[in-house]
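Data block for coords-v3.tsv (TSV, C-alpha atoms):
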```tsv
chain	number	residue	atom	x	y	z
A	1	MET	CA	76.67	104.77	119.36
A	2	LEU	CA	76.11	106.92	116.28
A	3	ASP	CA	73.24	106.04	113.93
A	4	ALA	CA	72.13	107.31	110.51
A	5	ASP	CA	70.20	110.14	112.19
A	6	PHE	CA	73.38	111.40	113.80
A	7	PHE	CA	75.06	111.54	110.38
A	8	ARG	CA	72.05	113.34	108.86
A	9	ARG	CA	72.27	115.88	111.71
A	10	TRP	CA	76.01	116.22	111.04
A	11	MET	CA	75.41	117.07	107.38
A	12	ALA	CA	72.54	119.44	108.23
A	13	ALA	CA	74.64	121.23	110.86
A	14	THR	CA	77.51	121.54	108.35
A	15	ALA	CA	75.13	123.00	105.76
A	16	ALA	CA	73.87	125.52	108.32
A	17	SER	CA	77.34	126.64	109.40
A	18	VAL	CA	78.63	126.83	105.81
A	19	HIS	CA	75.62	129.04	105.04
A	20	ARG	CA	76.31	131.20	108.12
A	21	GLU	CA	80.05	131.51	107.35
A	22	ALA	CA	79.85	131.67	103.53
A	23	ASP	CA	80.87	135.31	103.32
A	24	ARG	CA	83.86	134.74	105.59
A	25	LEU	CA	85.00	131.70	103.55
A	26	THR	CA	84.71	133.68	100.34
A	27	ALA	CA	86.59	136.63	101.86
A	28	LEU	CA	89.45	134.31	102.92
A	29	ASP	CA	89.42	132.80	99.43
A	30	SER	CA	89.54	136.21	97.76
A	31	ALA	CA	92.85	136.88	99.55
A	32	ILE	CA	94.67	133.81	98.19
A	33	GLY	CA	92.25	132.03	95.84
A	34	ASP	CA	89.46	132.78	93.39
A	35	ALA	CA	86.82	134.05	95.82
A	36	ASP	CA	84.28	131.27	95.40
A	37	HIS	CA	84.84	128.92	98.34
A	38	GLY	CA	81.84	130.10	100.37
A	39	SER	CA	79.36	130.05	97.52
A	40	ASN	CA	80.71	126.75	96.13
A	41	LEU	CA	80.37	124.94	99.45
A	42	GLN	CA	77.00	126.53	100.09
A	43	ARG	CA	75.72	125.14	96.79
A	44	GLY	CA	77.25	121.74	97.59
A	45	PHE	CA	75.89	121.32	101.10
A	46	THR	CA	72.46	122.65	100.08
A	47	ALA	CA	72.39	119.83	97.51
A	48	VAL	CA	73.54	117.37	100.20
A	49	ARG	CA	70.75	118.44	102.52
A	50	SER	CA	68.01	118.16	99.92
A	51	ALA	CA	69.32	114.80	98.63
A	52	LEU	CA	69.27	113.41	102.18
A	53	GLU	CA	65.71	114.70	102.66
A	54	LYS	CA	64.59	113.06	99.41
A	55	GLU	CA	66.38	109.73	99.68
A	56	ALA	CA	66.11	107.99	103.04
A	57	GLN	CA	69.46	106.36	103.84
A	58	ASP	CA	69.36	103.96	106.76
A	59	THR	CA	73.05	103.51	107.58
A	60	PRO	CA	75.81	106.00	108.50
A	61	GLY	CA	77.87	104.75	105.56
A	62	ALA	CA	75.04	105.32	103.08
A	63	VAL	CA	74.39	108.86	104.39
A	64	LEU	CA	78.03	109.88	103.90
A	65	THR	CA	78.39	108.14	100.52
A	66	LEU	CA	75.35	109.96	99.14
A	67	ALA	CA	76.58	113.26	100.62
A	68	GLY	CA	80.00	112.78	99.01
A	69	ARG	CA	78.47	112.06	95.60
A	70	GLN	CA	76.44	115.25	95.81
A	71	LEU	CA	79.52	117.32	96.61
A	72	ILE	CA	81.50	115.88	93.70
A	73	SER	CA	78.70	116.68	91.27
A	74	THR	CA	77.52	120.09	92.50
A	75	VAL	CA	80.38	122.15	93.97
A	76	GLY	CA	82.15	123.16	90.75
A	77	GLY	CA	85.53	123.88	92.39
A	78	ALA	CA	88.37	121.73	93.73
A	79	SER	CA	86.66	121.53	97.14
A	80	GLY	CA	83.91	119.38	95.54
A	81	PRO	CA	86.02	116.34	94.67
A	82	LEU	CA	88.13	116.85	97.82
A	83	TYR	CA	85.23	117.00	100.32
A	84	GLY	CA	83.32	114.47	98.20
A	85	THR	CA	86.21	112.03	98.44
A	86	LEU	CA	86.54	112.67	102.19
A	87	LEU	CA	82.90	111.79	102.85
A	88	ARG	CA	82.67	108.92	100.36
A	89	ARG	CA	85.84	107.23	101.65
A	90	THR	CA	84.67	107.71	105.22
A	91	GLY	CA	81.25	106.31	104.30
A	92	LYS	CA	82.74	103.31	102.54
A	93	ALA	CA	85.01	102.61	105.51
A	94	LEU	CA	81.96	102.58	107.80
A	95	GLY	CA	80.47	99.78	105.69
A	96	ASP	CA	76.82	98.88	106.21
A	97	ALA	CA	76.70	98.97	110.01
A	98	ALA	CA	73.46	100.47	111.39
A	99	GLU	CA	75.39	102.15	114.20
A	100	VAL	CA	79.05	102.95	114.69
A	101	SER	CA	81.19	103.96	117.66
A	102	THR	CA	83.18	107.19	117.87
A	103	GLU	CA	86.33	105.05	117.53
A	104	GLN	CA	85.00	103.54	114.30
A	105	LEU	CA	84.16	107.01	113.02
A	106	ALA	CA	87.69	108.19	113.84
A	107	GLU	CA	89.17	105.24	111.98
A	108	ALA	CA	86.89	105.78	108.97
A	109	LEU	CA	87.65	109.51	108.89
A	110	ARG	CA	91.33	108.65	108.87
A	111	ALA	CA	90.73	106.59	105.72
A	112	GLY	CA	88.83	109.57	104.31
A	113	VAL	CA	91.69	111.97	105.05
A	114	ASP	CA	94.14	109.51	103.46
A	115	GLY	CA	91.90	109.53	100.38
A	116	VAL	CA	92.00	113.34	100.23
A	117	MET	CA	95.80	113.35	100.54
A	118	ALA	CA	96.08	110.77	97.75
A	119	LEU	CA	93.72	112.73	95.48
A	120	GLY	CA	95.18	116.20	95.97
A	121	GLY	CA	98.74	115.22	96.85
A	122	ALA	CA	98.79	117.49	99.92
A	123	ALA	CA	100.68	116.69	103.11
A	124	PRO	CA	100.35	118.30	106.56
A	125	GLY	CA	101.89	121.79	106.51
A	126	ASP	CA	100.97	122.53	102.86
A	127	LYS	CA	98.31	125.06	103.99
A	128	THR	CA	95.28	122.99	103.00
A	129	MET	CA	92.22	121.34	104.57
A	130	ILE	CA	94.53	118.54	105.75
A	131	ASP	CA	96.00	120.92	108.35
A	132	ALA	CA	92.61	121.06	110.11
A	133	LEU	CA	91.42	117.52	109.38
A	134	ALA	CA	94.49	115.50	110.39
A	135	PRO	CA	94.79	116.92	113.94
A	136	ALA	CA	91.00	116.65	114.37
A	137	VAL	CA	91.05	112.94	113.52
A	138	ASP	CA	93.90	112.42	115.99
A	139	ALA	CA	91.94	114.26	118.72
A	140	LEU	CA	88.64	112.46	118.09
A	141	ALA	CA	89.55	109.77	120.62
A	142	ASP	CA	89.11	112.47	123.28
A	143	GLY	CA	85.66	113.44	122.03
A	144	PHE	CA	83.96	115.83	119.62
A	145	ALA	CA	84.87	118.96	121.60
A	146	ALA	CA	88.55	118.02	121.48
A	147	ALA	CA	88.29	117.35	117.73
A	148	ARG	CA	86.65	120.75	117.16
A	149	ALA	CA	89.36	122.52	119.16
A	150	ALA	CA	92.11	120.68	117.27
A	151	ALA	CA	90.55	121.53	113.88
A	152	GLU	CA	90.11	125.21	114.75
A	153	GLU	CA	93.67	125.39	116.07
A	154	GLY	CA	94.91	123.67	112.91
A	155	ALA	CA	93.03	126.12	110.70
A	156	VAL	CA	94.41	129.16	112.54
A	157	ALA	CA	97.90	127.65	112.35
A	158	THR	CA	97.78	127.76	108.52
A	159	THR	CA	98.11	131.58	108.60
A	160	PRO	CA	101.93	131.75	108.72
A	161	LEU	CA	102.35	128.87	106.25
A	162	GLN	CA	103.22	129.20	102.58
A	163	ALA	CA	100.75	127.42	100.29
A	164	ARG	CA	102.17	124.45	98.41
A	165	LYS	CA	98.99	123.17	96.72
A	166	GLY	CA	96.26	124.60	94.54
A	167	ARG	CA	95.86	128.06	93.12
A	168	ALA	CA	97.23	129.73	96.29
A	169	SER	CA	100.60	128.05	95.66
A	170	TYR	CA	101.12	130.30	92.61
A	171	LEU	CA	101.33	133.19	95.07
A	172	GLY	CA	104.43	131.75	96.74
A	173	GLU	CA	105.46	133.82	99.75
A	174	ARG	CA	102.50	136.16	99.24
A	175	SER	CA	100.22	133.37	100.51
A	176	ILE	CA	101.83	133.79	103.95
A	177	GLY	CA	99.73	135.74	106.48
A	178	HIS	CA	96.32	134.50	105.29
A	179	GLN	CA	94.31	131.72	106.93
A	180	ASP	CA	93.56	128.93	104.47
A	181	PRO	CA	89.89	128.85	103.36
A	182	GLY	CA	89.87	125.05	102.97
A	183	ALA	CA	91.26	124.48	106.47
A	184	THR	CA	88.66	126.96	107.75
A	185	SER	CA	85.74	125.11	106.16
A	186	SER	CA	87.19	121.80	107.37
A	187	ALA	CA	87.04	123.18	110.91
A	188	LEU	CA	83.34	123.97	110.35
A	189	LEU	CA	82.73	120.38	109.22
A	190	ILE	CA	84.41	119.01	112.36
A	191	ALA	CA	82.66	121.52	114.66
A	192	ALA	CA	79.32	120.31	113.25
A	193	LEU	CA	80.03	116.86	114.72
A	194	GLU	CA	79.68	118.36	118.18
A	195	GLU	CA	76.39	120.02	117.22
A	196	ALA	CA	75.11	116.72	115.83
A	197	ALA	CA	76.00	114.97	119.09
A	198	GLU	CA	73.99	117.54	121.05
A	199	GLY	CA	70.94	116.48	119.04
B	1	MET	CA	92.11	99.21	60.91
B	2	SER	CA	89.14	101.15	59.56
B	3	ASP	CA	86.58	98.86	61.16
B	4	LYS	CA	88.24	99.24	64.53
B	5	SER	CA	86.47	101.58	66.92
B	6	LEU	CA	88.29	104.78	67.79
B	7	VAL	CA	89.40	106.05	71.18
B	8	GLY	CA	87.23	108.91	72.41
B	9	ILE	CA	88.73	112.18	73.62
B	10	VAL	CA	87.22	114.48	76.27
B	11	LEU	CA	88.64	117.95	76.85
B	12	VAL	CA	87.93	119.35	80.31
B	13	SER	CA	88.60	123.02	80.98
B	14	HIS	CA	87.40	125.58	83.53
B	15	SER	CA	86.08	127.52	80.53
B	16	ALA	CA	83.46	126.27	78.05
B	17	GLU	CA	84.99	128.44	75.32
B	18	VAL	CA	88.50	127.06	75.90
B	19	ALA	CA	87.30	123.44	75.86
B	20	THR	CA	85.22	123.91	72.70
B	21	SER	CA	87.91	125.89	70.87
B	22	VAL	CA	90.67	123.42	71.69
B	23	ALA	CA	88.43	120.58	70.47
B	24	GLU	CA	87.94	122.43	67.16
B	25	LEU	CA	91.62	123.28	66.94
B	26	ALA	CA	92.70	119.68	67.54
B	27	LYS	CA	90.29	118.30	64.97
B	28	GLY	CA	91.25	121.02	62.49
B	29	LEU	CA	95.00	120.45	62.85
B	30	ALA	CA	94.63	116.69	62.77
B	31	GLY	CA	93.31	116.69	59.21
B	32	GLY	CA	91.09	113.75	58.35
B	33	ALA	CA	90.37	113.34	62.01
B	34	ALA	CA	86.70	114.11	61.54
B	35	ALA	CA	85.86	110.57	62.57
B	36	VAL	CA	87.53	110.87	65.96
B	37	PRO	CA	84.91	111.35	68.67
B	38	VAL	CA	85.94	114.48	70.57
B	39	ALA	CA	83.76	116.20	73.18
B	40	ALA	CA	84.27	119.36	75.20
B	41	ALA	CA	83.31	119.57	78.89
B	42	GLY	CA	84.04	123.15	79.85
B	43	GLY	CA	82.89	125.35	82.72
B	44	THR	CA	79.96	124.79	85.04
B	45	GLU	CA	76.44	123.79	84.00
B	46	GLY	CA	75.40	127.37	84.69
B	47	GLY	CA	77.89	128.65	82.11
B	48	GLY	CA	80.41	129.99	84.62
B	49	LEU	CA	84.08	129.17	85.11
B	50	GLY	CA	84.65	125.91	86.95
B	51	THR	CA	84.21	122.16	86.55
B	52	SER	CA	81.04	120.14	86.16
B	53	ALA	CA	81.04	116.43	86.96
B	54	GLU	CA	77.75	116.10	85.03
B	55	LEU	CA	79.18	117.67	81.87
B	56	ILE	CA	82.28	115.45	82.09
B	57	SER	CA	80.21	112.27	82.50
B	58	ALA	CA	77.93	113.23	79.62
B	59	ALA	CA	80.88	114.11	77.36
B	60	ALA	CA	82.65	110.82	78.15
B	61	ALA	CA	79.50	108.82	77.44
B	62	SER	CA	79.03	110.65	74.13
B	63	VAL	CA	82.51	109.75	72.77
B	64	ASP	CA	82.67	106.17	74.07
B	65	ARG	CA	82.91	103.74	71.15
B	66	GLY	CA	84.18	100.87	73.29
B	67	ALA	CA	87.89	101.55	72.70
B	68	GLY	CA	88.40	103.66	75.81
B	69	VAL	CA	88.16	107.37	76.56
B	70	ALA	CA	91.13	109.70	77.13
B	71	LEU	CA	90.33	112.70	79.34
B	72	ILE	CA	92.64	115.69	79.05
B	73	THR	CA	92.21	118.49	81.60
B	74	ASP	CA	93.51	121.95	82.34
B	75	LEU	CA	94.15	122.32	86.09
B	76	GLY	CA	92.94	122.24	89.68
B	77	SER	CA	89.32	121.13	90.03
B	78	ALA	CA	89.28	119.77	86.46
B	79	VAL	CA	92.04	117.29	87.38
B	80	LEU	CA	90.55	116.47	90.79
B	81	THR	CA	87.00	116.01	89.48
B	82	VAL	CA	88.10	113.58	86.77
B	83	LYS	CA	90.19	111.64	89.32
B	84	ALA	CA	87.25	111.50	91.74
B	85	LEU	CA	84.88	110.33	88.97
B	86	ILE	CA	87.31	107.58	87.94
B	87	ALA	CA	87.61	106.51	91.60
B	88	GLU	CA	83.82	106.46	91.84
B	89	GLY	CA	83.76	103.48	89.45
B	90	ASP	CA	80.44	103.81	87.63
B	91	GLU	CA	80.42	107.46	86.59
B	92	LEU	CA	82.54	107.16	83.45
B	93	PRO	CA	82.60	104.52	80.68
B	94	ASP	CA	84.88	101.50	81.15
B	95	GLY	CA	88.40	102.27	79.96
B	96	SER	CA	88.21	105.98	80.82
B	97	ARG	CA	91.59	107.40	81.73
B	98	LEU	CA	92.94	110.75	82.92
B	99	VAL	CA	95.81	111.50	80.57
B	100	ASP	CA	98.70	113.56	81.95
B	101	ALA	CA	99.33	116.06	79.16
B	102	PRO	CA	99.53	119.76	78.33
B	103	PHE	CA	96.01	120.84	77.39
B	104	VAL	CA	96.39	122.22	73.86
B	105	GLU	CA	99.40	120.26	72.59
B	106	GLY	CA	98.20	117.10	74.29
B	107	ALA	CA	94.75	117.41	72.71
B	108	VAL	CA	96.24	117.76	69.23
B	109	ALA	CA	98.59	114.79	69.75
B	110	ALA	CA	95.74	112.67	71.13
B	111	VAL	CA	93.34	113.42	68.28
B	112	VAL	CA	96.00	112.85	65.58
B	113	THR	CA	96.96	109.53	67.16
B	114	ALA	CA	93.37	108.42	67.74
B	115	ALA	CA	92.61	109.13	64.06
B	116	THR	CA	95.08	106.39	63.05
B	117	GLY	CA	93.00	103.85	64.92
B	118	ALA	CA	95.62	103.53	67.67
B	119	GLY	CA	94.55	102.20	71.07
B	120	LEU	CA	94.22	104.08	74.36
B	121	ASP	CA	97.81	103.36	75.48
B	122	ALA	CA	99.23	104.87	72.28
B	123	VAL	CA	96.90	107.88	72.49
B	124	GLU	CA	97.97	108.43	76.08
B	125	SER	CA	101.71	108.21	75.31
B	126	ALA	CA	101.38	110.60	72.38
B	127	ALA	CA	99.55	113.15	74.51
B	128	THR	CA	102.00	112.83	77.40
B	129	GLU	CA	105.00	113.11	75.06
B	130	ALA	CA	103.68	116.54	74.06
B	131	TYR	CA	105.25	117.78	77.33
B	132	GLY	CA	108.60	117.28	75.62
B	133	TYR	CA	108.04	119.53	72.59
B	134	ARG	CA	110.32	122.40	73.55
B	135	LYS	CA	109.71	125.76	71.91
B	136	VAL	CA	113.02	127.45	72.64
```

Structure rendered as structure tokens:
Amino acid sequence: MLDADFFRRWMAATAASVHREADRLTALDSAIGDADHGSNLQRGFTAVRSALEKEAQDTPGAVLTLAGRQLISTVGGASGPLYGTLLRRTGKALGDAAEVSTEQLAEALRAGVDGVMALGGAAPGDKTMIDALAPAVDALADGFAAARAAAEEGAVATTPLQARKGRASYLGERSIGHQDPGATSSALLIAALEEAAEG
Amino acid sequence: MSDKSLVGIVLVSHSAEVATSVAELAKGLAGGAAAVPVAAAGGTEGGGLGTSAELISAAAASVDRGAGVALITDLGSAVLTVKALIAEGDELPDGSRLVDAPFVEGAVAAVVTAATGAGLDAVESAATEAYGYRKV
């Protein structure tokens, strides 16, 4: 079972890997976006980490809801409301249970991904974070390692796609050949689940 | 109608200068619209290009007279942040609404309409109809 501590470790591990990969995310974003994805997410997850240190949240749902709020208010780019909605919807779907199963997390994350698709209007194949998140949620039934592999595969598979959402979509065919920064950071978020499970 | 409270207008742009200038432009072109509460929420809190949820919430609170608040945005994160704040429930005043409209023309139409004392629905339709003003 996964308790509030697991979810705090998940957010801390995400913050650490976003920090480690910030330059790469920004480099990917400079190819097809506005070159701020790494620094935006770094600011957001730093705020998440300090908010979780300051305010003790005792349920998984409360941890994710607070984290989502922080992302909406601190990121400053489209990834803020998108990741914020992902975590808040997931947190709300987990309710006020003190512990949740991996199956419950998978179900809640599915609600979160649905929320992101409703907010941004993206579907699978549009070269967005959905292309990493949707396969990861499907693979979660087979464990965190399977989810990480599915997310990373999904992120890499955005390279030949043409962007249909966001600023990259203005580039049309010129967006082909670049891995999507949002799908790449989504793969980091999913990979951090495995780190959190290792303790 | 003069005792009726007016709809508030919030202009959200990635740029502080764009948001502030469009607010001035809309009030200037609306003539006699000085009473309409209009607030700009442009750029990040640090003064850079982007969207600030805090600035949007503060702007919406500052123009809320109880008749609703129409939020008009430019693109991308401005649209998504307003949508996420509305979904959040308690971040914006009751009756806050993202209005689907072109930024400059929609702002002018919204301020002119709000100045007549019209309600939020009428302000929204006027702003949205601005999409139809063809130039060629």

| request: Compile the residues of chain A that lie within 8 Å of chain B, evaluated using all atoms listed in the file, and express the compilation as number ranges by chain. | output: A: 72-74, 76-82, 85, 119-120, 166-167

Keeping only C-alpha atoms, write the selected residues as a PDB file, keeping the file's coordinate frame.
```
ATOM      1  CA  ILE A  72      81.500 115.880  93.700  1.00  0.00           C
ATOM      2  CA  SER A  73      78.700 116.680  91.270  1.00  0.00           C
ATOM      3  CA  THR A  74      77.520 120.090  92.500  1.00  0.00           C
ATOM      4  CA  GLY A  76      82.150 123.160  90.750  1.00  0.00           C
ATOM      5  CA  GLY A  77      85.530 123.880  92.390  1.00  0.00           C
ATOM      6  CA  ALA A  78      88.370 121.730  93.730  1.00  0.00           C
ATOM      7  CA  SER A  79      86.660 121.530  97.140  1.00  0.00           C
ATOM      8  CA  GLY A  80      83.910 119.380  95.540  1.00  0.00           C
ATOM      9  CA  PRO A  81      86.020 116.340  94.670  1.00  0.00           C
ATOM     10  CA  LEU A  82      88.130 116.850  97.820  1.00  0.00           C
ATOM     11  CA  THR A  85      86.210 112.030  98.440  1.00  0.00           C
ATOM     12  CA  LEU A 119      93.720 112.730  95.480  1.00  0.00           C
ATOM     13  CA  GLY A 120      95.180 116.200  95.970  1.00  0.00           C
ATOM     14  CA  GLY A 166      96.260 124.600  94.540  1.00  0.00           C
ATOM     15  CA  ARG A 167      95.860 128.060  93.120  1.00  0.00           C
TER      16      ARG A 167
END
```

| query | Could you pull the residues within 10 Å of B:Leu120, counting only C-alpha atoms, minus those fewer than 2 positions along the same chain, as a list in words? | reply |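 Here the qualifying residues turn out to be Leu6, Val7, Gly8, Ile9, Ala67, Gly68, Val69, Ala70, Gly95, Ser96, Arg97, Val99, Ala110, Thr113, Ala114, Gly117, Ala118, Ala122, Val123, Glu124, Ser125 and Ala126 of chain B.
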
| message | As an exercise, work out the distance from atom CA of A:Ala151 to atom CA of A:Gln104 in Å and give it to one decimal place. | response |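 Computed distance, atom CA of A:Ala151 to atom CA of A:Gln104, equals 18.8 Å.
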
| request: Might you pull out every residue within 8 Å of B:Val38, with only C-alpha atoms counted and same-chain residues fewer than 4 positions away left off, and present them as a PyMOL selection string? | output: chain B and resi 8-11+23+63+111

Next, the residues of the selection above should be written as a short mmCIF file (atom, residue, chain, number, x, y, z; two decimals), keeping the file's coordinate frame with C-alpha atoms.
```cif
data_model
loop_
_atom_site.label_atom_id
_atom_site.label_comp_id
_atom_site.auth_asym_id
_atom_site.auth_seq_id
_atom_site.Cartn_x
_atom_site.Cartn_y
_atom_site.Cartn_z
CA GLY B 8 87.23 108.91 72.41
CA ILE B 9 88.73 112.18 73.62
CA VAL B 10 87.22 114.48 76.27
CA LEU B 11 88.64 117.95 76.85
CA ALA B 23 88.43 120.58 70.47
CA VAL B 63 82.51 109.75 72.77
CA VAL B 111 93.34 113.42 68.28
#
```

Centre and edges of the stretch 127-142 of chain A box, axis-aligned, 4 Å extra per side, as lines of an AutoDock Vina configuration file:
```
center_x = 93.5
center_y = 117.4
center_z = 113.1
size_x = 17.7
size_y = 23.3
size_z = 28.3
```

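One distance worth recording is that between atom CA of B:Gly89 and atom CA of A:Val63, which is 18.4 Å.
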
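Atom pair atom CA of A:Ala163 / atom CA of A:Arg110: separated by 22.7 Å.
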
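Of the listed residues B:Ala127, B:Lys4, B:Val18, B:Gly46, the one whose atoms come nearest to B:Gly66 is B:Lys4, with distances taken using all atoms listed in the file.
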
| note | Judged by all atoms listed in the file, the minimum distance to B:Glu129 among B:Ala35, B:Ala26, B:Ala61, B:Val108 is found for B:Val108

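Neighbours of stretch 54-62 of chain A closer than or equal to 9 Å, with all atoms listed in the file counted and sequence neighbours fewer than 5 positions away skipped, come out as Leu2, Asp3, Ala4, Asp5, Phe6, Phe7, Arg8, Arg49, Ala67, Arg88, Thr90, Gly91, Lys92, Ala93, Leu94, Gly95, Asp96, Ala97, Ala98, Glu99 and Val100 of chain A.
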
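Among the candidate residues A:Leu161, A:Ala16, A:Leu25, A:Ala108, the one lying nearest to A:Ser175 is A:Leu161, with distances computed using all atoms listed in the file.
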
| field | A:Ala187 surroundings by all atoms listed in the file, 9 Å radius, close-in-sequence under 3 positions cut, as a list in words | value |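 The residues that qualify are Met129, Ala132, Leu133, Ala136, Arg148, Ala149, Ala150, Ala151, Glu152, Glu153, Gly154, Ala155, Gly182, Ala183, Thr184, Ile190, Ala191 and Ala192 of chain A.
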
Since we have the selection now, will you write its residues out, keeping C-alpha atoms, as a compact mmCIF listing (two decimals), in the coordinates of the input?
```txt
# COMPACT_ATOMS: atom_id res chain seq x y z
CA MET A 129 92.22 121.34 104.57
CA ALA A 132 92.61 121.06 110.11
CA LEU A 133 91.42 117.52 109.38
CA ALA A 136 91.00 116.65 114.37
CA ARG A 148 86.65 120.75 117.16
CA ALA A 149 89.36 122.52 119.16
CA ALA A 150 92.11 120.68 117.27
CA ALA A 151 90.55 121.53 113.88
CA GLU A 152 90.11 125.21 114.75
CA GLU A 153 93.67 125.39 116.07
CA GLY A 154 94.91 123.67 112.91
CA ALA A 155 93.03 126.12 110.70
CA GLY A 182 89.87 125.05 102.97
CA ALA A 183 91.26 124.48 106.47
CA THR A 184 88.66 126.96 107.75
CA ILE A 190 84.41 119.01 112.36
CA ALA A 191 82.66 121.52 114.66
CA ALA A 192 79.32 120.31 113.25
```

| query | Counting all atoms listed in the file, what is within 7 Å of A:Gln179, bar same-chain residues fewer than 3 positions away, as a list in words? | reply | Leu28, Ala155, Val156, Thr158 and Thr159 of chain A

| said: Using all atoms listed in the file, can you tell me which of B:Asp90, B:Ala30, B:Ser13, B:Tyr131 comes closest to B:Glu105? | reply: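 Answer, going by the shortest atom-to-atom distance: B:Tyr131.
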
| field | Residue nearest A:Ala47 - candidates A:Leu171, A:Ala139, A:Ala15, A:Ala27, atoms counted: all atoms listed in the file | value |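 The closest residue to A:Ala47 is A:Ala15.
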
| note | Min atom-atom distance to A:Val18 from the set A:Gly199, A:Ala122, A:Arg174, A:Ser186, counting only C-alpha atoms, belongs to A:Ser186

Please, could N, CA and C atoms be added to stretch 46-59 of chain B and the result written as a tab-separated table (two decimals), keeping the file's coordinate frame?
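The result, stored in selection38.tsv:
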```
chain	number	residue	atom	x	y	z
B	46	GLY	N	76.01	126.06	84.77
B	46	GLY	CA	75.40	127.37	84.69
B	46	GLY	C	76.11	128.31	83.72
B	47	GLY	N	77.18	127.82	83.07
B	47	GLY	CA	77.89	128.65	82.11
B	47	GLY	C	79.04	129.44	82.70
B	48	GLY	N	79.31	129.27	83.99
B	48	GLY	CA	80.41	129.99	84.62
B	48	GLY	C	81.73	129.24	84.51
B	49	LEU	N	82.77	129.82	85.09
B	49	LEU	CA	84.08	129.17	85.11
B	49	LEU	C	84.11	128.14	86.23
B	50	GLY	N	84.58	126.95	85.92
B	50	GLY	CA	84.65	125.91	86.95
B	50	GLY	C	84.60	124.54	86.28
B	51	THR	N	84.23	123.53	87.06
B	51	THR	CA	84.21	122.16	86.55
B	51	THR	C	82.88	121.52	86.89
B	52	SER	N	82.30	120.83	85.93
B	52	SER	CA	81.04	120.14	86.16
B	52	SER	C	81.19	118.65	85.97
B	53	ALA	N	80.96	117.89	87.05
B	53	ALA	CA	81.04	116.43	86.96
B	53	ALA	C	79.99	115.91	85.97
B	54	GLU	N	78.82	116.56	85.94
B	54	GLU	CA	77.75	116.10	85.03
B	54	GLU	C	78.18	116.28	83.58
B	55	LEU	N	78.75	117.44	83.25
B	55	LEU	CA	79.18	117.67	81.87
B	55	LEU	C	80.28	116.70	81.46
B	56	ILE	N	81.19	116.39	82.40
B	56	ILE	CA	82.28	115.45	82.09
B	56	ILE	C	81.71	114.06	81.83
B	57	SER	N	80.80	113.60	82.69
B	57	SER	CA	80.21	112.27	82.50
B	57	SER	C	79.47	112.19	81.18
B	58	ALA	N	78.70	113.24	80.86
B	58	ALA	CA	77.93	113.23	79.62
B	58	ALA	C	78.86	113.24	78.41
B	59	ALA	N	79.94	114.04	78.48
B	59	ALA	CA	80.88	114.11	77.36
B	59	ALA	C	81.56	112.76	77.15
```
